[in-house]
Every structure is written in C-alpha cells, then in structure tokens.
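data03.pdb follows (PDB, C-alpha atoms):
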ATOM      1  CA  MET A  26      92.309  75.482 110.423
ATOM      2  CA  SER A  27      91.221  73.016 107.747
ATOM      3  CA  THR A  28      91.092  73.865 104.041
ATOM      4  CA  THR A  29      87.277  73.789 104.238
ATOM      5  CA  GLU A  30      87.286  76.248 107.144
ATOM      6  CA  ARG A  31      89.723  78.491 105.268
ATOM      7  CA  ARG A  32      87.408  78.622 102.258
ATOM      8  CA  GLN A  33      84.272  79.264 104.343
ATOM      9  CA  GLN A  34      85.718  82.246 106.203
ATOM     10  CA  PRO A  35      86.985  84.721 103.603
ATOM     11  CA  CYS A  36      88.782  87.903 104.524
ATOM     12  CA  ASP A  37      86.502  90.664 103.320
ATOM     13  CA  HIS A  38      87.242  93.671 105.522
ATOM     14  CA  THR A  39      88.280  95.944 102.618
ATOM     15  CA  LYS A  40      89.641  95.933  99.080
ATOM     16  CA  SER A  41      92.113  98.713  99.986
ATOM     17  CA  ARG A  42      95.808  97.735 100.086
ATOM     18  CA  PRO A  43      97.734 100.679 101.549
ATOM     19  CA  THR A  44     101.215 100.344 102.984
ATOM     20  CA  LEU A  45     100.856  99.239 106.606
ATOM     21  CA  ARG A  46     103.353  99.474 109.441
ATOM     22  CA  ARG A  47     103.384  99.663 113.210
ATOM     23  CA  GLY A  48     100.871 102.325 114.251
ATOM     24  CA  SER A  49      98.542 101.775 111.263
ATOM     25  CA  GLU A  50      94.901 101.130 112.124
ATOM     26  CA  GLY A  51      91.573 100.306 110.508
ATOM     27  CA  PRO A  52      90.012  97.864 108.051
ATOM     28  CA  PRO A  53      93.171  97.391 105.933
ATOM     29  CA  VAL A  54      95.031  96.208 109.051
ATOM     30  CA  ARG A  55      92.158  93.848 109.862
ATOM     31  CA  GLN A  56      92.402  92.537 106.279
ATOM     32  CA  ALA A  57      96.146  91.940 106.644
ATOM     33  CA  GLN A  58      95.659  90.235 110.024
ATOM     34  CA  CYS A  59      93.034  87.960 108.499
ATOM     35  CA  TYR A  60      95.325  87.122 105.572
ATOM     36  CA  LEU A  61      98.216  86.413 107.946
ATOM     37  CA  ASN A  62      95.964  84.004 109.857
ATOM     38  CA  TYR A  63      95.012  82.158 106.665
ATOM     39  CA  ALA A  64      98.541  82.133 105.206
ATOM     40  CA  THR A  65     100.495  80.826 108.206
ATOM     41  CA  THR A  66     100.202  78.176 110.886
ATOM     42  CA  GLY A  67     100.325  78.919 114.583
ATOM     43  CA  ASP A  68      98.349  81.142 116.890
ATOM     44  CA  ASP A  69      95.730  83.260 115.181
ATOM     45  CA  LEU A  70      96.225  87.003 115.335
ATOM     46  CA  VAL A  71      93.422  88.985 116.900
ATOM     47  CA  GLN A  72      91.813  90.877 114.019
ATOM     48  CA  ASP A  73      91.498  94.135 115.916
ATOM     49  CA  GLY A  74      92.648  96.507 113.178
ATOM     50  CA  VAL A  75      95.670  97.700 115.177
ATOM     51  CA  PHE A  76      99.140  97.121 113.702
ATOM     52  CA  GLY A  77     101.178  96.604 116.842
ATOM     53  CA  PRO A  78     104.211  94.483 117.731
ATOM     54  CA  VAL A  79     102.367  91.160 117.389
ATOM     55  CA  THR A  80     101.145  91.971 113.868
ATOM     56  CA  GLU A  81     104.615  93.239 112.934
ATOM     57  CA  ALA A  82     106.198  89.985 114.171
ATOM     58  CA  ALA A  83     103.635  87.962 112.189
ATOM     59  CA  ALA A  84     104.364  90.049 109.072
ATOM     60  CA  ARG A  85     108.113  89.445 109.489
ATOM     61  CA  ARG A  86     107.569  85.704 109.941
ATOM     62  CA  PHE A  87     105.385  85.598 106.832
ATOM     63  CA  GLN A  88     107.943  87.564 104.810
ATOM     64  CA  ARG A  89     110.754  85.201 105.887
ATOM     65  CA  CYS A  90     108.704  82.137 104.943
ATOM     66  CA  ALA A  91     107.649  83.648 101.604
ATOM     67  CA  GLY A  92     111.249  84.520 100.722
ATOM     68  CA  ILE A  93     110.583  88.239 100.290
ATOM     69  CA  THR A  94     112.096  91.350 101.888
ATOM     70  CA  VAL A  95     111.783  91.103 105.668
ATOM     71  CA  ASP A  96     110.976  94.530 107.086
ATOM     72  CA  GLY A  97     107.699  94.051 108.969
ATOM     73  CA  VAL A  98     105.990  96.528 106.626
ATOM     74  CA  ILE A  99     103.076  95.323 104.518
ATOM     75  CA  GLY A 100     103.598  97.039 101.180
ATOM     76  CA  ALA A 101     102.804  96.056  97.587
ATOM     77  CA  GLN A 102     105.026  92.952  97.487
ATOM     78  CA  THR A 103     103.798  91.618 100.830
ATOM     79  CA  TRP A 104     100.147  92.289  99.922
ATOM     80  CA  SER A 105     100.644  90.325  96.686
ATOM     81  CA  PHE A 106     102.151  87.330  98.469
ATOM     82  CA  LEU A 107      99.625  87.527 101.332
ATOM     83  CA  THR A 108      96.714  87.517  98.896
ATOM     84  CA  TYR A 109      98.127  84.472  97.141
ATOM     85  CA  TRP A 110      98.892  82.457 100.280
ATOM     86  CA  ALA A 111      95.697  83.402 102.132
ATOM     87  CA  ASN A 112      93.717  81.969  99.229
ATOM     88  CA  SER A 113      95.911  78.898  98.779
ATOM     89  CA  ALA A 114      95.038  75.448 100.062
ATOM     90  CA  GLU A 115      98.520  75.360 101.640
ATOM     91  CA  TYR A 116     100.262  77.436 104.282
ATOM     92  CA  VAL A 117     103.456  79.321 103.496
ATOM     93  CA  CYS A 118     104.830  78.219 106.892
TER      94      CYS A 118
END
Turn this file's structure into structure tokens for me.
Amino acid sequence: MSTTERRQQPCDHTKSRPTLRRGSEGPPVRQAQCYLNYATTGDDLVQDGVFGPVTEAAARRFQRCAGITVDGVIGAQTWSFLTYWANSAEYVC
C-alpha cells in the first residue's frame, strides 16, 4: 500500500479504544484491524470486527516490531503505538 493510498483510506470505524483480546468483537476491533493493516507490511487483515487468532497474531507481530510488551492484547500502550504507526508514512515492520 503506497503512502498516498494510506492517507486516502483512513481508519474511522470508532473513536473508542477499549482493551481488546481474543473473543472481542465490534467496531473497536475493526478499528484495530484497520490500524494493523496500515502500520505493518504483509497480508492485510480482514476487517471483520472479530478478534480471533489471526488478529491476535498480527497484534503480537506489531508489538514485537514496536518494541512494546508482547501479549496479543490491544490495551492503552498498543493503541497509542498503533495510532502513531497507522498514521505514519512508514511501516513499523
């Protein structure tokens, strides 16, 4: 995805940032999936709003690349880093 494409397709599913983990569902999960797609290279996650094993693996990969706690849970620290990297011209990994 080019920088231009990244800027033209913002993630705007919700402003809510609850703690997400496997089994979570809804617009906040869709938001996290969108951010993970914009923050990392590789196959795009399906933005289906279901936090399953594929989203958890993507969250863990992102956390490793960002140098933060790797637990597969998207909490306050991960949201902060995701927001930054999803809106950056670069990828975290």
TODO: List the residues matched by the PyMOL selection byres ((chain A and resi 80) around 12) in the displayed structure as a PyMOL selection string, ordered by chain and then by residue number.
DONE: chain A and resi 45-50+54-62+68-79+81-87+97-99
Task: Long-range neighbours of A:Trp104 as a PyMOL selection string, 9 Å cut-off, only C-alpha atoms, 4 positions minimum in chain - done: chain A and resi 42-44+57+99-100+108-109
Expected file contents, prior selection, C-alpha atoms, as a PDB file, in the coordinates of the input:
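The result, stored in selection22.pdb:
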ATOM      1  CA  ARG A  42      95.808  97.735 100.086  1.00  0.00           C
ATOM      2  CA  PRO A  43      97.734 100.679 101.549  1.00  0.00           C
ATOM      3  CA  THR A  44     101.215 100.344 102.984  1.00  0.00           C
ATOM      4  CA  ALA A  57      96.146  91.940 106.644  1.00  0.00           C
ATOM      5  CA  ILE A  99     103.076  95.323 104.518  1.00  0.00           C
ATOM      6  CA  GLY A 100     103.598  97.039 101.180  1.00  0.00           C
ATOM      7  CA  THR A 108      96.714  87.517  98.896  1.00  0.00           C
ATOM      8  CA  TYR A 109      98.127  84.472  97.141  1.00  0.00           C
TER       9      TYR A 109
END
Open item on the list: For a test of reading the model, state the distance in Å between atom CA of A:Gln88 and atom CA of A:Ser41, rounded to one decimal.
Closed with: 20.0 Å
Task: Pick from A:Gly67, A:Asp37, A:Arg89, A:Cys118, whichever lies nearest to A:Thr103 using only C-alpha atoms - done: A:Arg89
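Between atom CA of A:His38 and atom CA of A:Thr66 lies a distance of 20.9 Å.
Among the candidates A:Val117, A:Ala111, A:Pro35, A:Ser105, the one nearest to A:Ala91 when counting all atoms listed in the file is A:Val117.
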Task: Å distance separating atom CA of A:Phe106 from atom CA of A:Thr39, one decimal place - done: 16.8 Å
Could you work out an axis-aligned bounding box for all listed atoms of stretch 74-93 of chain A, with 6 Å added on each of the six sides, and give its centre and edge lengths in Å to one decimal, as JSON?
{"center_x": 101.9, "center_y": 89.9, "center_z": 109.0, "size_x": 30.6, "size_y": 27.6, "size_z": 29.4}
Task: Shell around A:Gln102 at 9 Å using all atoms listed in the file, local window under 5 positions removed, as JSON, numbers by chain - done: {"A": [93, 94, 107]}
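Distance check against A:Ala114 using all atoms listed in the file: of A:Ala64, A:Cys36, A:Pro52, A:Val95, the minimum falls on A:Ala64.
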Is it possible to add all heavy atoms to stretch 70-81 of chain A and hand it back as a short mmCIF file (atom, residue, chain, number, x, y, z; two decimals), in the frame of the given file?
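Result file follows (selection20.cif):
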data_model
loop_
_atom_site.label_atom_id
_atom_site.label_comp_id
_atom_site.auth_asym_id
_atom_site.auth_seq_id
_atom_site.Cartn_x
_atom_site.Cartn_y
_atom_site.Cartn_z
N LEU A 70 96.16 85.61 114.91
CA LEU A 70 96.22 87.00 115.34
C LEU A 70 94.82 87.48 115.66
O LEU A 70 93.86 87.10 114.99
CB LEU A 70 96.73 87.89 114.20
CG LEU A 70 98.19 87.84 113.83
CD1 LEU A 70 98.42 88.63 112.55
CD2 LEU A 70 99.03 88.41 114.94
N VAL A 71 94.70 88.32 116.64
CA VAL A 71 93.42 88.98 116.90
C VAL A 71 93.23 90.00 115.78
O VAL A 71 94.14 90.79 115.49
CB VAL A 71 93.43 89.69 118.27
CG1 VAL A 71 92.16 90.49 118.47
CG2 VAL A 71 93.61 88.68 119.38
N GLN A 72 92.09 89.96 115.12
CA GLN A 72 91.81 90.88 114.02
C GLN A 72 91.17 92.14 114.58
O GLN A 72 89.98 92.39 114.40
CB GLN A 72 90.93 90.19 112.98
CG GLN A 72 91.63 89.03 112.31
CD GLN A 72 90.73 88.26 111.38
OE1 GLN A 72 89.95 88.85 110.64
NE2 GLN A 72 90.83 86.94 111.40
N ASP A 73 91.99 92.94 115.24
CA ASP A 73 91.50 94.14 115.92
C ASP A 73 91.72 95.42 115.13
O ASP A 73 91.31 96.50 115.55
CB ASP A 73 92.12 94.26 117.31
CG ASP A 73 93.64 94.36 117.28
OD1 ASP A 73 94.24 94.38 116.18
OD2 ASP A 73 94.23 94.41 118.38
N GLY A 74 92.41 95.33 114.00
CA GLY A 74 92.65 96.51 113.18
C GLY A 74 93.75 97.41 113.70
O GLY A 74 93.88 98.54 113.25
N VAL A 75 94.56 96.92 114.62
CA VAL A 75 95.67 97.70 115.18
C VAL A 75 96.98 96.99 114.82
O VAL A 75 97.19 95.84 115.21
CB VAL A 75 95.53 97.86 116.71
CG1 VAL A 75 96.72 98.61 117.28
CG2 VAL A 75 94.23 98.56 117.06
N PHE A 76 97.86 97.69 114.11
CA PHE A 76 99.14 97.12 113.70
C PHE A 76 100.15 97.42 114.80
O PHE A 76 100.82 98.45 114.83
CB PHE A 76 99.60 97.75 112.38
CG PHE A 76 100.67 96.98 111.65
CD1 PHE A 76 100.42 96.50 110.38
CD2 PHE A 76 101.90 96.75 112.21
CE1 PHE A 76 101.41 95.81 109.68
CE2 PHE A 76 102.90 96.07 111.54
CZ PHE A 76 102.64 95.60 110.26
N GLY A 77 100.25 96.48 115.72
CA GLY A 77 101.18 96.60 116.84
C GLY A 77 102.32 95.62 116.70
O GLY A 77 102.54 95.05 115.62
N PRO A 78 103.04 95.37 117.79
CA PRO A 78 104.21 94.48 117.73
C PRO A 78 103.88 93.04 117.36
O PRO A 78 104.70 92.37 116.71
CB PRO A 78 104.81 94.58 119.13
CG PRO A 78 103.77 95.19 120.00
CD PRO A 78 102.86 95.98 119.11
N VAL A 79 102.72 92.55 117.72
CA VAL A 79 102.37 91.16 117.39
C VAL A 79 102.10 91.03 115.89
O VAL A 79 102.55 90.07 115.25
CB VAL A 79 101.14 90.69 118.23
CG1 VAL A 79 100.69 89.31 117.80
CG2 VAL A 79 101.48 90.72 119.71
N THR A 80 101.40 91.99 115.31
CA THR A 80 101.14 91.97 113.87
C THR A 80 102.46 92.16 113.11
O THR A 80 102.70 91.49 112.09
CB THR A 80 100.12 93.05 113.48
OG1 THR A 80 98.90 92.80 114.19
CG2 THR A 80 99.84 93.04 111.98
N GLU A 81 103.33 93.04 113.59
CA GLU A 81 104.62 93.24 112.93
C GLU A 81 105.44 91.95 112.95
O GLU A 81 106.04 91.57 111.94
CB GLU A 81 105.40 94.36 113.60
CG GLU A 81 106.73 94.63 112.92
CD GLU A 81 107.53 95.74 113.56
OE1 GLU A 81 107.21 96.15 114.70
OE2 GLU A 81 108.48 96.20 112.92
#
